[in-house]
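See below for structure-v2.pdb, which holds PDB, C-alpha atoms.
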ATOM      1  CA  MET U   1       5.517  25.600  52.045  1.00  0.00           C
ATOM      2  CA  LEU U   2       6.741  22.216  50.916  1.00  0.00           C
ATOM      3  CA  ASP U   3       5.101  19.820  48.510  1.00  0.00           C
ATOM      4  CA  GLN U   4       3.261  17.157  50.531  1.00  0.00           C
ATOM      5  CA  ASP U   5       4.698  14.392  48.301  1.00  0.00           C
ATOM      6  CA  LEU U   6       8.307  15.140  49.270  1.00  0.00           C
ATOM      7  CA  GLU U   7      10.198  13.339  51.980  1.00  0.00           C
ATOM      8  CA  ILE U   8      12.425  15.119  54.479  1.00  0.00           C
ATOM      9  CA  TYR U   9      15.177  13.566  56.574  1.00  0.00           C
ATOM     10  CA  VAL U  10      15.421  14.835  60.154  1.00  0.00           C
ATOM     11  CA  ILE U  11      18.806  14.475  61.841  1.00  0.00           C
ATOM     12  CA  ASP U  12      19.695  14.726  65.503  1.00  0.00           C
ATOM     13  CA  THR U  13      23.121  14.637  67.099  1.00  0.00           C
ATOM     14  CA  GLU U  14      24.294  14.273  70.652  1.00  0.00           C
ATOM     15  CA  THR U  15      27.714  15.773  71.289  1.00  0.00           C
ATOM     16  CA  THR U  16      30.431  16.245  73.893  1.00  0.00           C
ATOM     17  CA  GLY U  17      29.730  19.960  74.084  1.00  0.00           C
ATOM     18  CA  LEU U  18      28.292  23.068  72.488  1.00  0.00           C
ATOM     19  CA  ASN U  19      31.412  24.535  70.866  1.00  0.00           C
ATOM     20  CA  GLY U  20      31.345  22.382  67.761  1.00  0.00           C
ATOM     21  CA  PHE U  21      34.126  21.240  65.475  1.00  0.00           C
ATOM     22  CA  PRO U  22      37.021  20.823  66.192  1.00  0.00           C
ATOM     23  CA  ASN U  23      36.606  21.129  69.978  1.00  0.00           C
ATOM     24  CA  ASP U  24      33.666  18.758  70.462  1.00  0.00           C
ATOM     25  CA  HIS U  25      32.565  15.472  68.903  1.00  0.00           C
ATOM     26  CA  VAL U  26      29.321  13.872  67.729  1.00  0.00           C
ATOM     27  CA  VAL U  27      28.820  10.753  69.873  1.00  0.00           C
ATOM     28  CA  ASP U  28      25.266   9.745  68.908  1.00  0.00           C
ATOM     29  CA  VAL U  29      23.451  10.373  65.607  1.00  0.00           C
ATOM     30  CA  ALA U  30      20.000   9.465  64.347  1.00  0.00           C
ATOM     31  CA  VAL U  31      17.929  10.094  61.231  1.00  0.00           C
ATOM     32  CA  CYS U  32      14.196   9.791  60.622  1.00  0.00           C
ATOM     33  CA  ARG U  33      12.398  10.065  57.294  1.00  0.00           C
ATOM     34  CA  VAL U  34       9.243  12.187  57.345  1.00  0.00           C
ATOM     35  CA  LEU U  35       6.626  11.281  54.750  1.00  0.00           C
ATOM     36  CA  PRO U  36       4.072  14.125  54.874  1.00  0.00           C
ATOM     37  CA  SER U  37       1.699  12.631  52.286  1.00  0.00           C
ATOM     38  CA  GLU U  38       1.350   9.505  54.443  1.00  0.00           C
ATOM     39  CA  GLY U  39       1.524  11.322  57.787  1.00  0.00           C
ATOM     40  CA  ARG U  40       4.312   8.967  58.771  1.00  0.00           C
ATOM     41  CA  VAL U  41       7.729   9.086  60.443  1.00  0.00           C
ATOM     42  CA  GLU U  42      10.245   6.272  59.870  1.00  0.00           C
ATOM     43  CA  PRO U  43      13.424   5.755  61.922  1.00  0.00           C
ATOM     44  CA  ILE U  44      16.250   5.234  59.386  1.00  0.00           C
ATOM     45  CA  LEU U  45      19.603   5.410  61.219  1.00  0.00           C
ATOM     46  CA  ASP U  46      20.507   5.202  64.903  1.00  0.00           C
ATOM     47  CA  SER U  47      24.190   4.953  65.801  1.00  0.00           C
ATOM     48  CA  VAL U  48      26.570   5.605  68.639  1.00  0.00           C
ATOM     49  CA  VAL U  49      29.660   7.202  67.081  1.00  0.00           C
ATOM     50  CA  GLY U  50      33.048   5.735  67.971  1.00  0.00           C
ATOM     51  CA  HIS U  51      36.087   7.773  69.008  1.00  0.00           C
ATOM     52  CA  ASP U  52      39.430   7.156  70.667  1.00  0.00           C
ATOM     53  CA  VAL U  53      38.346   8.627  73.992  1.00  0.00           C
ATOM     54  CA  ARG U  54      41.763   8.046  75.618  1.00  0.00           C
ATOM     55  CA  SER U  55      43.028  11.278  74.055  1.00  0.00           C
ATOM     56  CA  TRP U  56      40.053  13.371  75.141  1.00  0.00           C
ATOM     57  CA  PRO U  57      40.407  16.012  77.855  1.00  0.00           C
ATOM     58  CA  LYS U  58      38.461  15.643  81.099  1.00  0.00           C
ATOM     59  CA  GLU U  59      35.685  18.020  79.891  1.00  0.00           C
ATOM     60  CA  GLN U  60      34.862  15.689  77.003  1.00  0.00           C
ATOM     61  CA  ARG U  61      35.155  12.467  79.019  1.00  0.00           C
ATOM     62  CA  GLU U  62      32.762  13.969  81.588  1.00  0.00           C
ATOM     63  CA  ALA U  63      30.478  15.710  79.107  1.00  0.00           C
ATOM     64  CA  TRP U  64      26.836  16.432  79.913  1.00  0.00           C
ATOM     65  CA  ILE U  65      25.697  13.613  77.608  1.00  0.00           C
ATOM     66  CA  PHE U  66      27.554  10.991  79.693  1.00  0.00           C
ATOM     67  CA  GLU U  67      26.402  12.431  83.010  1.00  0.00           C
ATOM     68  CA  ASN U  68      22.717  12.904  82.124  1.00  0.00           C
ATOM     69  CA  THR U  69      21.758  10.071  79.748  1.00  0.00           C
ATOM     70  CA  ASP U  70      22.295   6.334  79.450  1.00  0.00           C
ATOM     71  CA  LEU U  71      25.054   6.837  76.842  1.00  0.00           C
ATOM     72  CA  THR U  72      28.435   5.844  78.278  1.00  0.00           C
ATOM     73  CA  LEU U  73      32.000   6.709  77.411  1.00  0.00           C
ATOM     74  CA  GLU U  74      32.645   2.971  77.048  1.00  0.00           C
ATOM     75  CA  GLN U  75      29.945   2.693  74.363  1.00  0.00           C
ATOM     76  CA  VAL U  76      31.577   5.522  72.420  1.00  0.00           C
ATOM     77  CA  ALA U  77      35.013   3.904  72.769  1.00  0.00           C
ATOM     78  CA  SER U  78      33.740   0.611  71.318  1.00  0.00           C
ATOM     79  CA  ALA U  79      31.328   1.906  68.635  1.00  0.00           C
ATOM     80  CA  ALA U  80      31.897   2.031  64.873  1.00  0.00           C
ATOM     81  CA  PRO U  81      34.478   4.762  64.145  1.00  0.00           C
ATOM     82  CA  ALA U  82      33.214   8.255  63.321  1.00  0.00           C
ATOM     83  CA  PRO U  83      34.496   8.169  59.693  1.00  0.00           C
ATOM     84  CA  MET U  84      32.554   4.943  59.067  1.00  0.00           C
ATOM     85  CA  VAL U  85      29.314   6.325  60.559  1.00  0.00           C
ATOM     86  CA  ALA U  86      29.835   9.595  58.667  1.00  0.00           C
ATOM     87  CA  ALA U  87      30.239   7.739  55.346  1.00  0.00           C
ATOM     88  CA  GLU U  88      27.007   5.829  56.012  1.00  0.00           C
ATOM     89  CA  LEU U  89      25.199   9.075  56.843  1.00  0.00           C
ATOM     90  CA  ARG U  90      26.490  10.854  53.716  1.00  0.00           C
ATOM     91  CA  SER U  91      25.465   7.906  51.551  1.00  0.00           C
ATOM     92  CA  LEU U  92      21.995   7.892  53.080  1.00  0.00           C
ATOM     93  CA  LEU U  93      21.422  11.641  52.733  1.00  0.00           C
ATOM     94  CA  GLN U  94      23.241  12.542  49.516  1.00  0.00           C
ATOM     95  CA  GLY U  95      20.993  14.665  47.306  1.00  0.00           C
ATOM     96  CA  ARG U  96      18.087  14.523  49.766  1.00  0.00           C
ATOM     97  CA  MET U  97      16.247  17.217  51.698  1.00  0.00           C
ATOM     98  CA  ALA U  98      17.303  17.340  55.345  1.00  0.00           C
ATOM     99  CA  THR U  99      16.906  19.434  58.462  1.00  0.00           C
ATOM    100  CA  SER U 100      17.180  19.241  62.235  1.00  0.00           C
ATOM    101  CA  TYR U 101      15.580  20.815  65.253  1.00  0.00           C
ATOM    102  CA  ASN U 102      18.501  23.248  65.471  1.00  0.00           C
ATOM    103  CA  VAL U 103      20.191  23.518  62.075  1.00  0.00           C
ATOM    104  CA  GLN U 104      22.678  26.118  63.302  1.00  0.00           C
ATOM    105  CA  PHE U 105      23.923  23.690  65.946  1.00  0.00           C
ATOM    106  CA  ASP U 106      23.726  20.302  64.238  1.00  0.00           C
ATOM    107  CA  PHE U 107      24.906  21.340  60.794  1.00  0.00           C
ATOM    108  CA  ALA U 108      26.938  24.547  61.148  1.00  0.00           C
ATOM    109  CA  ARG U 109      28.828  23.397  64.236  1.00  0.00           C
ATOM    110  CA  PHE U 110      29.187  19.684  63.463  1.00  0.00           C
ATOM    111  CA  LEU U 111      27.749  18.041  60.345  1.00  0.00           C
ATOM    112  CA  ASP U 112      29.219  20.513  57.850  1.00  0.00           C
ATOM    113  CA  HIS U 113      32.714  19.582  59.118  1.00  0.00           C
ATOM    114  CA  ARG U 114      34.956  16.493  58.981  1.00  0.00           C
ATOM    115  CA  PRO U 115      34.297  13.637  59.080  1.00  0.00           C
ATOM    116  CA  TRP U 116      30.618  14.344  58.316  1.00  0.00           C
ATOM    117  CA  SER U 117      31.112  16.898  55.518  1.00  0.00           C
ATOM    118  CA  LEU U 118      27.403  17.249  54.653  1.00  0.00           C
ATOM    119  CA  ARG U 119      27.684  20.809  53.296  1.00  0.00           C
ATOM    120  CA  GLY U 120      26.665  20.618  49.651  1.00  0.00           C
ATOM    121  CA  GLU U 121      25.626  16.957  49.993  1.00  0.00           C
ATOM    122  CA  VAL U 122      22.091  17.692  51.228  1.00  0.00           C
ATOM    123  CA  SER U 123      19.460  20.318  50.489  1.00  0.00           C
ATOM    124  CA  LEU U 124      18.768  21.963  53.827  1.00  0.00           C
ATOM    125  CA  THR U 125      15.169  22.852  54.527  1.00  0.00           C
ATOM    126  CA  PRO U 126      14.224  25.413  57.213  1.00  0.00           C
ATOM    127  CA  CYS U 127      15.116  24.833  60.848  1.00  0.00           C
ATOM    128  CA  ILE U 128      12.275  23.103  62.714  1.00  0.00           C
ATOM    129  CA  MET U 129      13.019  25.039  65.909  1.00  0.00           C
ATOM    130  CA  LEU U 130      12.781  28.426  64.212  1.00  0.00           C
ATOM    131  CA  ARG U 131       9.497  27.483  62.538  1.00  0.00           C
ATOM    132  CA  SER U 132       8.184  26.249  65.910  1.00  0.00           C
ATOM    133  CA  MET U 133       8.927  29.571  67.605  1.00  0.00           C
ATOM    134  CA  GLU U 134       5.942  31.371  66.087  1.00  0.00           C
ATOM    135  CA  VAL U 135       3.602  28.494  66.946  1.00  0.00           C
ATOM    136  CA  CYS U 136       4.769  28.056  70.549  1.00  0.00           C
ATOM    137  CA  ARG U 137       5.014  31.815  71.250  1.00  0.00           C
ATOM    138  CA  ILE U 138       6.906  31.426  74.513  1.00  0.00           C
ATOM    139  CA  PRO U 139       7.797  34.931  75.766  1.00  0.00           C
ATOM    140  CA  GLY U 140      11.498  35.701  75.403  1.00  0.00           C
ATOM    141  CA  SER U 141      13.905  38.030  77.161  1.00  0.00           C
ATOM    142  CA  TYR U 142      15.485  39.546  74.059  1.00  0.00           C
ATOM    143  CA  ASP U 143      13.336  38.655  71.087  1.00  0.00           C
ATOM    144  CA  ARG U 144       9.604  38.632  70.834  1.00  0.00           C
ATOM    145  CA  TYR U 145       9.572  34.871  71.451  1.00  0.00           C
ATOM    146  CA  LYS U 146      12.274  32.533  72.690  1.00  0.00           C
ATOM    147  CA  TRP U 147      13.495  29.497  70.824  1.00  0.00           C
ATOM    148  CA  PRO U 148      11.436  26.641  72.243  1.00  0.00           C
ATOM    149  CA  LYS U 149      13.239  23.622  73.610  1.00  0.00           C
ATOM    150  CA  LEU U 150      12.414  20.445  71.719  1.00  0.00           C
ATOM    151  CA  GLN U 151      10.294  19.110  74.587  1.00  0.00           C
ATOM    152  CA  GLU U 152       8.340  22.396  74.707  1.00  0.00           C
ATOM    153  CA  ALA U 153       7.643  22.348  70.959  1.00  0.00           C
ATOM    154  CA  TYR U 154       6.685  18.671  71.052  1.00  0.00           C
ATOM    155  CA  ASP U 155       4.299  19.227  73.975  1.00  0.00           C
ATOM    156  CA  MET U 156       2.748  22.368  72.461  1.00  0.00           C
ATOM    157  CA  ILE U 157       2.500  21.402  68.781  1.00  0.00           C
ATOM    158  CA  VAL U 158       2.072  17.629  68.643  1.00  0.00           C
ATOM    159  CA  ASP U 159      -1.141  15.939  69.738  1.00  0.00           C
ATOM    160  CA  GLY U 160      -0.474  13.053  72.096  1.00  0.00           C
ATOM    161  CA  ASP U 161       2.859  11.232  72.177  1.00  0.00           C
ATOM    162  CA  PRO U 162       3.376   9.629  68.742  1.00  0.00           C
ATOM    163  CA  ALA U 163       7.152   9.357  69.370  1.00  0.00           C
ATOM    164  CA  ALA U 164       6.412   7.276  72.513  1.00  0.00           C
ATOM    165  CA  ILE U 165       8.617   9.436  74.736  1.00  0.00           C
ATOM    166  CA  GLY U 166       6.613   8.978  77.905  1.00  0.00           C
ATOM    167  CA  GLU U 167       6.984  11.281  80.870  1.00  0.00           C
ATOM    168  CA  GLU U 168      10.510  12.591  80.301  1.00  0.00           C
ATOM    169  CA  GLN U 169      12.798  13.217  77.348  1.00  0.00           C
ATOM    170  CA  ARG U 170      15.933  11.036  77.578  1.00  0.00           C
ATOM    171  CA  HIS U 171      18.093  13.169  75.223  1.00  0.00           C
ATOM    172  CA  ARG U 172      19.333  10.389  72.975  1.00  0.00           C
ATOM    173  CA  ALA U 173      19.630  11.063  69.249  1.00  0.00           C
ATOM    174  CA  MET U 174      16.863   8.752  68.011  1.00  0.00           C
ATOM    175  CA  GLU U 175      14.361   9.911  70.593  1.00  0.00           C
ATOM    176  CA  ASP U 176      15.068  13.552  69.750  1.00  0.00           C
ATOM    177  CA  ALA U 177      14.949  12.852  65.995  1.00  0.00           C
ATOM    178  CA  LEU U 178      11.540  11.197  66.433  1.00  0.00           C
ATOM    179  CA  MET U 179      10.220  14.127  68.475  1.00  0.00           C
ATOM    180  CA  ALA U 180      11.521  16.689  65.965  1.00  0.00           C
ATOM    181  CA  SER U 181      10.077  14.664  63.087  1.00  0.00           C
ATOM    182  CA  HIS U 182       6.613  14.683  64.624  1.00  0.00           C
ATOM    183  CA  VAL U 183       6.868  18.437  65.245  1.00  0.00           C
ATOM    184  CA  LEU U 184       7.832  18.857  61.577  1.00  0.00           C
ATOM    185  CA  LEU U 185       4.985  16.630  60.415  1.00  0.00           C
ATOM    186  CA  GLU U 186       2.483  18.718  62.369  1.00  0.00           C
ATOM    187  CA  LEU U 187       3.933  22.005  61.075  1.00  0.00           C
ATOM    188  CA  ILE U 188       3.583  20.676  57.510  1.00  0.00           C
ATOM    189  CA  ARG U 189       0.043  19.494  58.243  1.00  0.00           C
ATOM    190  CA  ARG U 190      -0.821  23.018  59.442  1.00  0.00           C
ATOM    191  CA  ARG U 191       0.853  24.514  56.330  1.00  0.00           C
ATOM    192  CA  LEU U 192       3.395  26.327  58.515  1.00  0.00           C
ATOM    193  CA  TYR U 193       6.447  24.678  56.975  1.00  0.00           C
TER     194      TYR U 193
END
For the structure just supplied, provide its representation as structure tokens.
Amino acid sequence: MLDQDLEIYVIDTETTGLNGFPNDHVVDVAVCRVLPSEGRVEPILDSVVGHDVRSWPKEQREAWIFENTDLTLEQVASAAPAPMVAAELRSLLQGRMATSYNVQFDFARFLDHRPWSLRGEVSLTPCIMLRSMEVCRIPGSYDRYKWPKLQEAYDMIVDGDPAAIGEEQRHRAMEDALMASHVLLELIRRRLY
């Protein structure tokens, strides 16, 4: 269990696919700071990530994120370049404790690689999703319990809607970072993290 006086930074990424670096790209990134001693979540960084989309194959230009959210390919084409956003993120997180709802995805597949290069820059704390599994206890096909989707964990663990999501998750980085942060805050409050 973590010291209540510490602060943890929760990161979320939205990407062009599930394969990770170098096949897919981060196109939306957000960070929230969780302050357990104050019971507070603060949005810190919310950025569309710019890329030269002209060179992308059709699968990336028509990725799930562009078909199912309000993020557009045009926004990505005109946003601050990925190396600039990555430098800002590294500067913000250097030497701090950080996590995500799915560390294996966000960090191992994307944020540990160029241009993000966060491996060794942050102290990773446990994955929020894996810690949520034992609380949610959703029956799984292979394991005892399945990994809960973020919306499932948020609905089952968090009281009310402190992230102001409303009826349906929109799958943008800041919204997901806020949801994951409130799940983390509740897990810490229950002494399960």
Using only C-alpha atoms, what table do you get, as a Markdown table, when you list each residue of stretch 46-131 of chain U with an atom no more than 8 Å from stretch 14-34 of chain U, its nearest pair of atoms, and their distance in Å rounded to one decimal, rows by chain then rising number?
| residue | atom | partner | partner_atom | distance |
| --- | --- | --- | --- | --- |
| U:Asp46 | CA | U:Ala30 | CA | 4.3 |
| U:Ser47 | CA | U:Val29 | CA | 5.5 |
| U:Val48 | CA | U:Asp28 | CA | 4.3 |
| U:Val49 | CA | U:Val27 | CA | 4.6 |
| U:Gly50 | CA | U:Val27 | CA | 6.8 |
| U:His51 | CA | U:Val27 | CA | 7.9 |
| U:Gln60 | CA | U:Thr16 | CA | 5.4 |
| U:Arg61 | CA | U:Thr16 | CA | 7.9 |
| U:Ala63 | CA | U:Thr16 | CA | 5.2 |
| U:Trp64 | CA | U:Thr16 | CA | 7.0 |
| U:Ile65 | CA | U:Thr16 | CA | 6.6 |
| U:Val76 | CA | U:Val27 | CA | 6.4 |
| U:Phe105 | CA | U:Gly20 | CA | 7.8 |
| U:Arg109 | CA | U:Gly20 | CA | 4.4 |
| U:Phe110 | CA | U:Gly20 | CA | 5.5 |
| U:His113 | CA | U:Phe21 | CA | 6.7 |
*Kindly resolve the PyMOL selection byres ((chain U and resi 157) around 9) on the present coordinates and return the residues as a count of residues only.*
14
*Can you tell me how far atom CA of U:Gly39 sits from atom CA of U:Ala164, in Å to one decimal?*
16.0 Å
*May I ask for the distance between atom CA of U:Glu88 and atom CA of U:Asp70, given in Å to one decimal place?*
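Taking atom CA of U:Glu88 as the start and atom CA of U:Asp70 as the end point, the length is 23.9 Å.
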Residue list as a PDB file with C-alpha atoms, in the frame of the given file for point (14.0, 24.9, 67.2), cut-off 8 Å, all atoms listed in the file:
ATOM      1  CA  TYR U 101      15.580  20.815  65.253  1.00  0.00           C
ATOM      2  CA  ASN U 102      18.501  23.248  65.471  1.00  0.00           C
ATOM      3  CA  CYS U 127      15.116  24.833  60.848  1.00  0.00           C
ATOM      4  CA  ILE U 128      12.275  23.103  62.714  1.00  0.00           C
ATOM      5  CA  MET U 129      13.019  25.039  65.909  1.00  0.00           C
ATOM      6  CA  LEU U 130      12.781  28.426  64.212  1.00  0.00           C
ATOM      7  CA  ARG U 131       9.497  27.483  62.538  1.00  0.00           C
ATOM      8  CA  SER U 132       8.184  26.249  65.910  1.00  0.00           C
ATOM      9  CA  MET U 133       8.927  29.571  67.605  1.00  0.00           C
ATOM     10  CA  TRP U 147      13.495  29.497  70.824  1.00  0.00           C
ATOM     11  CA  PRO U 148      11.436  26.641  72.243  1.00  0.00           C
ATOM     12  CA  LYS U 149      13.239  23.622  73.610  1.00  0.00           C
ATOM     13  CA  LEU U 150      12.414  20.445  71.719  1.00  0.00           C
ATOM     14  CA  ALA U 153       7.643  22.348  70.959  1.00  0.00           C
TER      15      ALA U 153
END
